[in-house]
$ cat data11.txt   # compact mmCIF, C-alpha atoms and all ligand atoms
# COMPACT_ATOMS: atom_id res chain seq x y z
CA MET A 1 126.95 113.74 124.53
CA SER A 2 125.15 115.59 121.77
CA THR A 3 122.37 117.89 122.94
CA GLU A 4 121.03 118.35 119.44
CA THR A 5 117.42 117.41 118.78
CA LEU A 6 116.65 115.97 115.35
CA LEU A 7 113.09 116.08 114.05
CA PHE A 8 111.51 115.09 110.76
CA HIS A 9 108.57 117.16 109.57
CA ILE A 10 106.70 115.22 106.89
CA SER A 11 103.44 116.22 105.24
CA ASP A 12 100.89 115.45 102.58
CA VAL A 13 101.92 111.87 101.82
CA HIS A 14 98.49 111.33 100.22
CA PHE A 15 98.41 107.54 100.16
CA GLY A 16 96.43 106.68 97.06
CA LEU A 17 98.65 109.03 95.10
CA GLU A 18 101.87 108.74 97.10
CA ASP A 19 105.32 108.87 95.51
CA SER A 20 106.41 105.38 96.55
CA ARG A 21 110.10 106.02 95.99
CA ALA A 22 110.00 109.14 98.20
CA VAL A 23 107.85 107.42 100.84
CA ASN A 24 110.24 104.45 101.12
CA TRP A 25 113.22 106.80 101.20
CA ALA A 26 111.70 108.83 104.07
CA ARG A 27 111.11 105.61 106.04
CA ASP A 28 114.72 104.48 105.38
CA GLU A 29 116.09 107.89 106.44
CA ILE A 30 114.14 107.62 109.70
CA ALA A 31 115.64 104.16 110.29
CA ARG A 32 119.13 105.45 109.49
CA GLN A 33 119.07 108.81 111.33
CA GLN A 34 116.78 107.87 114.24
CA PRO A 35 115.15 111.29 114.72
CA ASP A 36 113.89 112.16 118.21
CA GLY A 37 110.44 112.75 116.76
CA VAL A 38 108.45 112.77 113.54
CA ALA A 39 105.62 115.26 112.95
CA LEU A 40 103.20 114.27 110.19
CA THR A 41 101.21 117.42 109.42
CA GLY A 42 98.14 115.94 107.75
CA ASP A 43 96.79 114.70 104.44
CA LEU A 44 97.89 111.11 104.94
CA THR A 45 95.44 110.02 102.27
CA MET A 46 93.97 111.21 99.00
CA ARG A 47 90.28 110.57 99.59
CA ALA A 48 90.14 109.10 103.12
CA ARG A 49 89.36 105.70 101.61
CA SER A 50 89.88 102.53 103.66
CA HIS A 51 92.61 101.10 101.45
CA GLU A 52 94.46 104.42 101.57
CA PHE A 53 94.30 104.45 105.36
CA THR A 54 95.45 100.83 105.47
CA ALA A 55 98.56 101.77 103.46
CA ALA A 56 99.12 104.92 105.56
CA CYS A 57 98.83 102.99 108.85
CA ARG A 58 101.21 100.31 107.63
CA TRP A 59 103.77 102.95 106.69
CA ILE A 60 103.40 104.89 109.97
CA GLN A 61 103.79 101.68 111.97
CA SER A 62 107.00 100.93 110.06
CA LEU A 63 108.56 104.24 111.18
CA ASP A 64 111.24 103.68 113.79
CA ALA A 65 110.67 106.89 115.82
CA PRO A 66 108.04 108.58 118.02
CA VAL A 67 105.36 109.93 115.67
CA THR A 68 102.55 112.45 116.04
CA VAL A 69 99.89 112.40 113.33
CA GLY A 70 97.98 115.51 112.27
CA VAL A 71 94.68 115.45 110.39
CA GLY A 72 94.34 117.11 106.98
CA ASN A 73 91.29 118.03 104.96
CA HIS A 74 91.85 114.97 102.75
CA ASP A 75 91.69 112.64 105.77
CA LEU A 76 88.07 113.32 106.66
CA PRO A 77 85.61 110.82 105.13
CA TYR A 78 84.77 112.32 101.76
CA PHE A 79 81.95 110.17 100.45
CA ASN A 80 80.32 109.15 103.73
CA LEU A 81 78.91 112.27 105.40
CA LEU A 82 77.47 110.37 108.37
CA GLU A 83 80.89 109.03 109.21
CA ARG A 84 82.43 112.45 108.59
CA PHE A 85 80.23 113.89 111.32
CA PHE A 86 80.09 111.12 113.87
CA ALA A 87 83.32 109.13 113.61
CA PRO A 88 85.75 111.20 111.57
CA TYR A 89 88.90 109.51 112.89
CA ARG A 90 87.70 105.89 112.85
CA ARG A 91 89.63 105.19 109.66
CA PHE A 92 92.93 106.03 111.35
CA GLY A 93 92.52 102.55 112.83
CA ALA A 94 95.72 101.23 114.34
CA VAL A 95 97.36 104.65 114.59
CA GLN A 96 94.41 106.43 116.22
CA ALA A 97 96.41 106.76 119.46
CA LEU A 98 99.05 108.80 117.61
CA VAL A 99 96.53 111.29 116.19
CA GLU A 100 97.03 114.83 117.48
CA ARG A 101 99.19 113.73 120.37
CA GLU A 102 101.82 115.92 121.97
CA LEU A 103 105.45 114.80 121.70
CA ASP A 104 107.50 115.80 124.74
CA LEU A 105 111.27 115.95 124.23
CA PRO A 106 113.94 117.45 126.47
CA GLY A 107 113.38 121.24 126.41
CA LEU A 108 111.11 120.97 123.37
CA ALA A 109 107.55 119.83 122.68
CA ILE A 110 105.52 119.32 119.54
CA VAL A 111 102.00 120.54 120.32
CA PRO A 112 99.13 119.91 117.87
CA LEU A 113 96.58 122.48 116.76
CA LYS A 114 93.71 121.20 114.65
CA THR A 115 92.86 123.19 111.51
CA ALA A 116 90.92 120.60 109.46
CA ILE A 117 87.31 120.49 110.59
CA ARG A 118 84.26 118.47 109.60
CA ALA A 119 82.08 121.26 108.26
CA GLN A 120 82.30 124.98 107.69
CA PRO A 121 79.78 127.71 106.92
CA ARG A 122 81.31 128.23 103.49
CA PHE A 123 81.51 126.34 100.25
CA ASN A 124 85.14 125.27 100.23
CA TRP A 125 85.69 122.78 103.05
CA SER A 126 89.28 122.13 102.03
CA LYS A 127 90.36 125.35 103.69
CA GLY A 128 91.47 125.68 107.30
CA TRP A 129 89.51 126.75 110.35
CA VAL A 130 90.89 127.25 113.83
CA THR A 131 87.98 126.84 116.25
CA LYS A 132 87.99 128.56 119.65
CA ALA A 133 88.03 125.15 121.34
CA ALA A 134 91.00 123.89 119.31
CA LEU A 135 93.00 127.05 120.01
CA ARG A 136 92.12 126.94 123.71
CA ARG A 137 93.33 123.34 123.90
CA CYS A 138 96.59 124.13 122.12
CA LEU A 139 97.36 127.22 124.24
CA ALA A 140 96.57 125.31 127.45
CA ALA A 141 98.96 122.56 126.37
CA ILE A 142 101.72 125.11 125.69
CA ASP A 143 101.07 126.87 129.00
CA ALA A 144 101.32 123.53 130.83
CA LEU A 145 104.83 122.79 129.51
CA PRO A 146 107.69 122.89 132.03
CA ALA A 147 109.20 126.40 132.33
CA GLY A 148 111.65 127.17 129.55
CA THR A 149 110.36 124.45 127.22
CA ARG A 150 110.00 125.63 123.63
CA ALA A 151 106.99 124.59 121.56
CA LEU A 152 106.69 123.65 117.93
CA VAL A 153 103.03 123.85 116.99
CA ALA A 154 101.89 121.30 114.40
CA VAL A 155 99.01 122.27 112.09
CA HIS A 156 97.82 121.19 108.65
CA HIS A 157 96.79 124.52 107.13
CA PRO A 158 99.32 127.37 107.45
CA LEU A 159 98.10 129.93 110.00
CA ARG A 160 97.60 132.62 107.42
CA GLU A 161 94.21 134.26 107.29
CA VAL A 162 94.60 135.73 103.81
CA GLY A 163 96.47 133.98 101.02
CA THR A 164 98.18 135.50 98.00
CA LYS A 165 94.87 135.97 96.14
CA GLY A 166 93.20 137.79 99.02
CA THR A 167 90.59 135.27 100.17
CA ALA A 168 90.61 133.40 103.46
CA LEU A 169 93.06 130.52 103.66
CA THR A 170 92.68 129.61 107.33
CA HIS A 171 89.80 131.17 109.24
CA GLY A 172 91.07 132.34 112.63
CA GLY A 173 94.68 131.86 111.52
CA SER A 174 95.84 135.40 112.31
CA HIS A 175 94.32 135.37 115.78
CA ALA A 176 95.86 131.97 116.52
CA LEU A 177 99.28 133.10 115.32
CA ALA A 178 99.12 136.26 117.45
CA GLN A 179 98.26 134.17 120.53
CA LEU A 180 101.20 131.86 119.79
CA ALA A 181 103.49 134.92 119.44
CA LYS A 182 102.89 135.67 123.14
CA ARG A 183 104.29 132.28 124.10
CA ASN A 184 107.57 130.38 123.94
CA VAL A 185 106.87 129.12 120.43
CA LEU A 186 109.82 128.20 118.25
CA GLY A 187 107.76 127.82 115.12
CA VAL A 188 104.57 126.54 113.49
CA LEU A 189 104.91 123.42 111.35
CA SER A 190 102.38 123.12 108.53
CA GLY A 191 101.57 121.22 105.35
CA HIS A 192 98.75 121.61 102.81
CA VAL A 193 100.48 123.72 100.14
CA HIS A 194 102.90 120.99 98.93
CA ASP A 195 105.91 123.32 98.61
CA PRO A 196 108.28 123.94 101.53
CA PHE A 197 108.83 127.34 103.13
CA ASP A 198 110.52 128.92 106.13
CA ILE A 199 109.31 132.48 106.72
CA VAL A 200 108.73 134.85 109.60
CA GLU A 201 105.24 136.28 110.02
CA GLN A 202 104.64 139.50 111.98
CA THR A 203 101.74 139.63 114.44
CA PRO A 204 100.54 142.36 116.84
CA HIS A 205 102.36 140.41 119.58
CA GLY A 206 105.63 139.86 117.73
CA PRO A 207 107.05 137.59 115.04
CA VAL A 208 106.38 133.86 114.61
CA ARG A 209 108.34 131.53 112.38
CA MET A 210 106.19 129.53 109.95
CA ILE A 211 107.74 126.36 108.55
CA GLY A 212 105.98 124.44 105.79
CA ALA A 213 106.86 120.96 104.58
CA GLY A 214 106.50 119.84 100.97
CA THR A 215 104.74 116.65 99.90
CA LEU A 216 105.78 113.01 99.54
CA SER A 217 103.01 112.51 96.98
CA GLN A 218 102.80 112.77 93.21
CA ARG A 219 100.76 115.98 93.65
CA VAL A 220 103.86 118.16 93.48
CA ARG A 221 103.62 121.92 92.99
CA SER A 222 106.87 123.75 92.14
CA THR A 223 109.29 121.40 93.92
CA PRO A 224 110.16 117.69 93.86
CA PRO A 225 108.84 115.51 96.74
CA SER A 226 110.48 116.49 100.03
CA PHE A 227 110.30 116.54 103.81
CA ASN A 228 111.85 118.88 106.35
CA GLU A 229 114.75 117.90 108.60
CA LEU A 230 114.86 120.12 111.70
CA ARG A 231 117.88 120.44 113.98
CA TRP A 232 117.54 122.26 117.30
CA ASP A 233 120.66 122.89 119.39
CA GLY A 234 118.93 124.92 122.09
CA GLN A 235 119.69 128.20 120.29
CA THR A 236 119.02 127.81 116.61
CA LEU A 237 116.47 125.81 114.65
CA GLN A 238 117.93 124.76 111.33
CA VAL A 239 115.56 123.60 108.56
CA ARG A 240 116.57 121.59 105.52
CA ALA A 241 114.15 120.58 102.76
CA ARG A 242 115.43 117.06 102.06
CA ASN A 243 114.66 115.67 98.60
CA LEU A 244 115.83 112.82 96.39
CA ALA A 245 116.62 115.23 93.55
CA GLU A 246 119.22 116.84 95.86
CA VAL A 247 117.98 120.34 95.16
CA PRO A 248 119.54 122.73 97.73
CA THR A 249 117.12 124.02 100.39
CA PRO A 250 117.09 127.70 99.25
CA GLU A 251 116.04 126.51 95.77
CA MET A 252 113.22 124.45 97.31
CA GLN A 253 111.52 127.08 99.44
CA ILE A 254 108.74 129.41 98.33
CA ASP A 255 108.84 132.91 99.84
CA ASP A 256 105.16 133.37 100.65
CA VAL A 257 102.13 131.29 101.65
CA PRO A 258 99.99 130.45 98.60
CA GLU A 259 96.25 130.85 98.51
CA ASP A 260 95.50 127.15 98.28
CA ALA A 261 96.99 123.77 97.51
CA MET A 262 96.59 124.10 93.74
CA PRO A 263 99.53 124.25 91.33
CA PRO A 264 100.98 127.78 90.90
CA ARG A 265 99.92 128.46 87.33
CA THR A 266 98.75 132.06 87.52
CA PRO A 267 101.08 135.06 87.85
CA GLY A 268 101.80 136.23 91.38
CA GLU A 269 101.57 132.80 92.98
CA PRO A 270 104.66 131.73 94.92
CA VAL A 271 106.96 129.44 92.93
CA ALA A 272 110.16 127.97 94.39
CA PRO A 273 113.41 129.00 92.64
CA VAL A 274 113.80 125.46 91.26
CA GLY A 275 110.51 126.14 89.40
CA ALA A 276 109.60 122.51 88.71
CA VAL A 277 105.89 123.08 88.04
CA PRO A 278 104.37 120.00 86.35
CA ALA A 279 102.28 120.57 83.23
CA VAL A 280 99.38 118.53 84.57
CA ASP A 281 98.33 117.17 87.93
CA PRO A 282 98.09 113.37 88.16
CA PRO A 283 94.45 112.23 88.07
CA VAL A 284 92.69 111.06 91.23
CA HIS A 285 91.39 107.54 90.72
FE FE A 301 97.65 117.93 100.62

$ encode --input "data11.txt" --output "structure tokens"
Amino acid sequence: MSTETLLFHISDVHFGLEDSRAVNWARDEIARQQPDGVALTGDLTMRARSHEFTAACRWIQSLDAPVTVGVGNHDLPYFNLLERFFAPYRRFGAVQALVERELDLPGLAIVPLKTAIRAQPRFNWSKGWVTKAALRRCLAAIDALPAGTRALVAVHHPLREVGTKGTALTHGGSHALAQLAKRNVLGVLSGHVHDPFDIVEQTPHGPVRMIGAGTLSQRVRSTPPSFNELRWDGQTLQVRARNLAEVPTPEMQIDDVPEDAMPPRTPGEPVAPVGAVPAVDPPVH
């Protein structure tokens, strides 16, 4: 009997501007490989519009595996502020029960930590914010796991306080990461930046592995559409950035966490070795 756990970490599908070939391929790979769990780390939609959520829900319901759904900044109602404040998750409709749920597997759990919030005391609401309440909930969930169980924490925004340009990427990210470093955390799974990475971040309480998934949308940065395949054998967590272009994983991964989710077009921004930066971003309709 194999004791290996297989997980798919998929992010930023952005229905409305999804890459349909990549999205269908991911669904077929789930059917073929039957992963033990699928973590979707936010940005299911482009503009949180009803037809985008309808397509996202249909796709999620077609996935033949246990799924946990994270919320990204693009998934909060964009045009309707009343709804954004009072019923932000209503549009998740049929998959609402999967939103930010914990996935418990033998010896391993995927625990959500919310980083996309409804409003922030700053201009750019697309950035991340770890509230005290969200962190408290996440840490309590980790502390309640059976002894010896490892946790993979699922977020949308990488838990990095300062990005490559020096301004805040995720408010409270450093504190959250340091608290996770004190616990039996195997890694933090994130999305948002649309290029995959697998790096180790130092905190005052020790190192934490940060694993980012690419995108399955047309909003690619320096890599073709991809998702992460994670294999855990009880000792080692192996990460592969699967993509239809068959670019090897080391060529797919950026070596630092970028400032934001914009294309890397200024010097100093992390670019994956494959360097497939598109000339223009596809328009949002
Ligand atoms: Fe995104």

$ residues_around --input "data11.txt" --residues "segment 249-253 of chain A" --least-positions-apart "3" --cutoff "9 Å" --atoms "all atoms listed in the file" --output "PyMOL selection string"
chain A and resi 195-198+212+214+222-224+226+239-243+246+271-275

$ closest_residue --input "data11.txt" --among "A:Gly37, A:Gly173, A:Gly187, A:Pro263" --to "ligand FE 301 (chain A)" --atoms "all atoms listed in the file"
A:Pro263

$ closest_residue --input "data11.txt" --among "A:Gly16, A:Gly107, A:Pro88, A:Pro248" --to "ligand FE 301 (chain A)" --atoms "all atoms listed in the file"
A:Gly16

$ atom_distance --input "data11.txt" --atom1 "atom CA of Leu40 of chain A" --atom2 "atom CA of Pro278 of chain A"
24.5 Å

$ atom_distance --input "data11.txt" --atom1 "atom CA of Leu216 of chain A" --atom2 "atom CA of Trp232 of chain A"
23.2 Å

$ atom_distance --input "data11.txt" --atom1 "atom CA of Arg47 of chain A" --atom2 "atom CA of Ser126 of chain A"
11.9 Å

$ residues_near_ligand --input "data11.txt" --ligand "ligand FE 301 (chain A)" --cutoff "7 Å" --atoms "only C-alpha atoms and all ligand atoms" --output "list in words"
Asp12, His14, Asp43, His74, Gly191, His192, Val193, His194 and Ala261 of chain A

$ residues_near_point --input "data11.txt" --point "(95.0, 105.8, 103.2)" --cutoff "10 Å" --atoms "all atoms listed in the file" --output "MDAnalysis selection string"
chainID A and resid 13:18 43:59 74:75 91:92

$ residues_around --input "data11.txt" --residues "Pro204 of chain A" --least-positions-apart "2" --cutoff "10 Å" --atoms "all atoms listed in the file" --output "ChimeraX atom specification"
/A:174-175,177-179,181-182,202,206-207

$ residues_around --input "data11.txt" --residues "Tyr89 of chain A" --least-positions-apart "5" --cutoff "12 Å" --atoms "all atoms listed in the file" --output "number ranges by chain"
A: 48-50, 53, 69-77, 83-84, 94-100, 116-118

$ write_last_selection --input "data11.txt" --atoms "C-alpha atoms" --output "CSV table (one decimal), in the frame of the given file"
chain,number,residue,atom,x,y,z
A,48,ALA,CA,90.1,109.1,103.1
A,49,ARG,CA,89.4,105.7,101.6
A,50,SER,CA,89.9,102.5,103.7
A,53,PHE,CA,94.3,104.4,105.4
A,69,VAL,CA,99.9,112.4,113.3
A,70,GLY,CA,98.0,115.5,112.3
A,71,VAL,CA,94.7,115.4,110.4
A,72,GLY,CA,94.3,117.1,107.0
A,73,ASN,CA,91.3,118.0,105.0
A,74,HIS,CA,91.8,115.0,102.8
A,75,ASP,CA,91.7,112.6,105.8
A,76,LEU,CA,88.1,113.3,106.7
A,77,PRO,CA,85.6,110.8,105.1
A,83,GLU,CA,80.9,109.0,109.2
A,84,ARG,CA,82.4,112.4,108.6
A,94,ALA,CA,95.7,101.2,114.3
A,95,VAL,CA,97.4,104.6,114.6
A,96,GLN,CA,94.4,106.4,116.2
A,97,ALA,CA,96.4,106.8,119.5
A,98,LEU,CA,99.0,108.8,117.6
A,99,VAL,CA,96.5,111.3,116.2
A,100,GLU,CA,97.0,114.8,117.5
A,116,ALA,CA,90.9,120.6,109.5
A,117,ILE,CA,87.3,120.5,110.6
A,118,ARG,CA,84.3,118.5,109.6

$ closest_residue --input "data11.txt" --among "A:Glu259, A:Glu29, A:Asp233, A:Asp281" --to "Lys127 of chain A" --atoms "all atoms listed in the file"
A:Glu259

$ closest_residue --input "data11.txt" --among "A:Asp64, A:Glu269, A:Glu4, A:Glu161" --to "Leu108 of chain A" --atoms "all atoms listed in the file"
A:Glu4

$ axis_aligned_box --input "data11.txt" --around "segment 144-160 of chain A" --padding-each-side "4 Å" --output "lines of an AutoDock Vina configuration file"
center_x = 104.2
center_y = 126.9
center_z = 119.7
size_x = 22.9
size_y = 19.4
size_z = 33.2

$ closest_residue --input "data11.txt" --among "A:Asp19, A:Glu229, A:Asp255, A:Asp104" --to "Leu7 of chain A" --atoms "only C-alpha atoms"
A:Glu229

$ closest_residue --input "data11.txt" --among "A:His9, A:Arg265, A:His157, A:Arg221" --to "Trp129 of chain A" --atoms "all atoms listed in the file"
A:His157

$ residues_near_point --input "data11.txt" --point "(110.2, 130.0, 111.1)" --cutoff "8 Å" --atoms "only C-alpha atoms" --output "NGL selection string"
:A and (186-188 or 198-200 or 208-211)

$ build_atoms --input "data11.txt" --residues "segment 72-108 of chain A" --atoms "N, CA and C atoms" --output "PDB file, keeping the file's coordinate frame"
ATOM      1  N   GLY A  72      94.505 116.144 108.073  1.00  0.00           N
ATOM      2  CA  GLY A  72      94.340 117.110 106.980  1.00  0.00           C
ATOM      3  C   GLY A  72      92.949 117.046 106.398  1.00  0.00           C
ATOM      4  N   ASN A  73      92.627 118.011 105.566  1.00  0.00           N
ATOM      5  CA  ASN A  73      91.290 118.030 104.960  1.00  0.00           C
ATOM      6  C   ASN A  73      91.014 116.778 104.122  1.00  0.00           C
ATOM      7  N   HIS A  74      92.056 116.182 103.556  1.00  0.00           N
ATOM      8  CA  HIS A  74      91.850 114.970 102.750  1.00  0.00           C
ATOM      9  C   HIS A  74      91.595 113.727 103.605  1.00  0.00           C
ATOM     10  N   ASP A  75      91.821 113.822 104.910  1.00  0.00           N
ATOM     11  CA  ASP A  75      91.690 112.640 105.770  1.00  0.00           C
ATOM     12  C   ASP A  75      90.306 112.476 106.380  1.00  0.00           C
ATOM     13  N   LEU A  76      89.425 113.435 106.138  1.00  0.00           N
ATOM     14  CA  LEU A  76      88.070 113.320 106.660  1.00  0.00           C
ATOM     15  C   LEU A  76      87.240 112.573 105.625  1.00  0.00           C
ATOM     16  N   PRO A  77      86.392 111.620 106.084  1.00  0.00           N
ATOM     17  CA  PRO A  77      85.610 110.820 105.130  1.00  0.00           C
ATOM     18  C   PRO A  77      84.920 111.720 104.107  1.00  0.00           C
ATOM     19  N   TYR A  78      85.164 111.436 102.851  1.00  0.00           N
ATOM     20  CA  TYR A  78      84.770 112.320 101.760  1.00  0.00           C
ATOM     21  C   TYR A  78      83.404 111.943 101.208  1.00  0.00           C
ATOM     22  N   PHE A  79      83.188 110.647 101.070  1.00  0.00           N
ATOM     23  CA  PHE A  79      81.950 110.170 100.450  1.00  0.00           C
ATOM     24  C   PHE A  79      80.863 109.880 101.480  1.00  0.00           C
ATOM     25  N   ASN A  80      81.283 109.574 102.720  1.00  0.00           N
ATOM     26  CA  ASN A  80      80.320 109.150 103.730  1.00  0.00           C
ATOM     27  C   ASN A  80      80.139 110.271 104.763  1.00  0.00           C
ATOM     28  N   LEU A  81      79.103 111.093 104.534  1.00  0.00           N
ATOM     29  CA  LEU A  81      78.910 112.270 105.400  1.00  0.00           C
ATOM     30  C   LEU A  81      78.556 111.895 106.833  1.00  0.00           C
ATOM     31  N   LEU A  82      77.809 110.791 107.012  1.00  0.00           N
ATOM     32  CA  LEU A  82      77.470 110.370 108.370  1.00  0.00           C
ATOM     33  C   LEU A  82      78.725 110.092 109.166  1.00  0.00           C
ATOM     34  N   GLU A  83      79.634 109.365 108.530  1.00  0.00           N
ATOM     35  CA  GLU A  83      80.890 109.030 109.210  1.00  0.00           C
ATOM     36  C   GLU A  83      81.718 110.293 109.434  1.00  0.00           C
ATOM     37  N   ARG A  84      81.683 111.202 108.454  1.00  0.00           N
ATOM     38  CA  ARG A  84      82.430 112.450 108.590  1.00  0.00           C
ATOM     39  C   ARG A  84      82.023 113.190 109.857  1.00  0.00           C
ATOM     40  N   PHE A  85      80.694 113.156 110.154  1.00  0.00           N
ATOM     41  CA  PHE A  85      80.230 113.890 111.320  1.00  0.00           C
ATOM     42  C   PHE A  85      80.369 113.143 112.639  1.00  0.00           C
ATOM     43  N   PHE A  86      80.183 111.833 112.591  1.00  0.00           N
ATOM     44  CA  PHE A  86      80.090 111.120 113.870  1.00  0.00           C
ATOM     45  C   PHE A  86      81.321 110.305 114.243  1.00  0.00           C
ATOM     46  N   ALA A  87      82.123 109.922 113.279  1.00  0.00           N
ATOM     47  CA  ALA A  87      83.320 109.130 113.610  1.00  0.00           C
ATOM     48  C   ALA A  87      84.461 109.477 112.656  1.00  0.00           C
ATOM     49  N   PRO A  88      84.824 110.773 112.609  1.00  0.00           N
ATOM     50  CA  PRO A  88      85.750 111.200 111.570  1.00  0.00           C
ATOM     51  C   PRO A  88      87.127 110.526 111.620  1.00  0.00           C
ATOM     52  N   TYR A  89      87.538 110.052 112.784  1.00  0.00           N
ATOM     53  CA  TYR A  89      88.900 109.510 112.890  1.00  0.00           C
ATOM     54  C   TYR A  89      88.937 107.974 112.905  1.00  0.00           C
ATOM     55  N   ARG A  90      87.753 107.335 112.762  1.00  0.00           N
ATOM     56  CA  ARG A  90      87.700 105.890 112.850  1.00  0.00           C
ATOM     57  C   ARG A  90      88.677 105.227 111.879  1.00  0.00           C
ATOM     58  N   ARG A  91      88.789 105.825 110.684  1.00  0.00           N
ATOM     59  CA  ARG A  91      89.630 105.190 109.660  1.00  0.00           C
ATOM     60  C   ARG A  91      91.118 105.236 109.965  1.00  0.00           C
ATOM     61  N   PHE A  92      91.504 106.027 110.977  1.00  0.00           N
ATOM     62  CA  PHE A  92      92.930 106.030 111.350  1.00  0.00           C
ATOM     63  C   PHE A  92      93.325 104.711 112.004  1.00  0.00           C
ATOM     64  N   GLY A  93      92.314 103.924 112.370  1.00  0.00           N
ATOM     65  CA  GLY A  93      92.520 102.550 112.830  1.00  0.00           C
ATOM     66  C   GLY A  93      93.647 102.415 113.831  1.00  0.00           C
ATOM     67  N   ALA A  94      94.628 101.612 113.439  1.00  0.00           N
ATOM     68  CA  ALA A  94      95.720 101.230 114.340  1.00  0.00           C
ATOM     69  C   ALA A  94      96.549 102.404 114.834  1.00  0.00           C
ATOM     70  N   VAL A  95      96.526 103.529 114.127  1.00  0.00           N
ATOM     71  CA  VAL A  95      97.360 104.650 114.590  1.00  0.00           C
ATOM     72  C   VAL A  95      96.539 105.746 115.264  1.00  0.00           C
ATOM     73  N   GLN A  96      95.278 105.425 115.595  1.00  0.00           N
ATOM     74  CA  GLN A  96      94.410 106.430 116.220  1.00  0.00           C
ATOM     75  C   GLN A  96      95.039 107.061 117.472  1.00  0.00           C
ATOM     76  N   ALA A  97      95.794 106.254 118.219  1.00  0.00           N
ATOM     77  CA  ALA A  97      96.410 106.760 119.460  1.00  0.00           C
ATOM     78  C   ALA A  97      97.495 107.794 119.177  1.00  0.00           C
ATOM     79  N   LEU A  98      97.984 107.842 117.952  1.00  0.00           N
ATOM     80  CA  LEU A  98      99.050 108.800 117.610  1.00  0.00           C
ATOM     81  C   LEU A  98      98.483 110.106 117.074  1.00  0.00           C
ATOM     82  N   VAL A  99      97.152 110.118 116.818  1.00  0.00           N
ATOM     83  CA  VAL A  99      96.530 111.290 116.190  1.00  0.00           C
ATOM     84  C   VAL A  99      96.499 112.460 117.169  1.00  0.00           C
ATOM     85  N   GLU A 100      97.016 113.577 116.708  1.00  0.00           N
ATOM     86  CA  GLU A 100      97.030 114.830 117.480  1.00  0.00           C
ATOM     87  C   GLU A 100      97.543 114.635 118.895  1.00  0.00           C
ATOM     88  N   ARG A 101      98.608 113.868 119.029  1.00  0.00           N
ATOM     89  CA  ARG A 101      99.190 113.730 120.370  1.00  0.00           C
ATOM     90  C   ARG A 101     100.407 114.651 120.475  1.00  0.00           C
ATOM     91  N   GLU A 102     100.660 115.065 121.718  1.00  0.00           N
ATOM     92  CA  GLU A 102     101.820 115.920 121.970  1.00  0.00           C
ATOM     93  C   GLU A 102     103.066 115.054 122.092  1.00  0.00           C
ATOM     94  N   LEU A 103     104.174 115.517 121.529  1.00  0.00           N
ATOM     95  CA  LEU A 103     105.450 114.800 121.700  1.00  0.00           C
ATOM     96  C   LEU A 103     106.321 115.635 122.633  1.00  0.00           C
ATOM     97  N   ASP A 104     106.681 115.073 123.770  1.00  0.00           N
ATOM     98  CA  ASP A 104     107.500 115.800 124.740  1.00  0.00           C
ATOM     99  C   ASP A 104     108.939 115.329 124.670  1.00  0.00           C
ATOM    100  N   LEU A 105     109.836 116.245 124.334  1.00  0.00           N
ATOM    101  CA  LEU A 105     111.270 115.950 124.230  1.00  0.00           C
ATOM    102  C   LEU A 105     111.973 116.850 125.235  1.00  0.00           C
ATOM    103  N   PRO A 106     113.240 116.574 125.524  1.00  0.00           N
ATOM    104  CA  PRO A 106     113.940 117.450 126.470  1.00  0.00           C
ATOM    105  C   PRO A 106     113.986 118.904 125.985  1.00  0.00           C
ATOM    106  N   GLY A 107     113.339 119.804 126.732  1.00  0.00           N
ATOM    107  CA  GLY A 107     113.380 121.240 126.410  1.00  0.00           C
ATOM    108  C   GLY A 107     112.547 121.649 125.217  1.00  0.00           C
ATOM    109  N   LEU A 108     111.848 120.686 124.605  1.00  0.00           N
ATOM    110  CA  LEU A 108     111.110 120.970 123.370  1.00  0.00           C
ATOM    111  C   LEU A 108     109.876 120.081 123.295  1.00  0.00           C
TER     112      LEU A 108
END
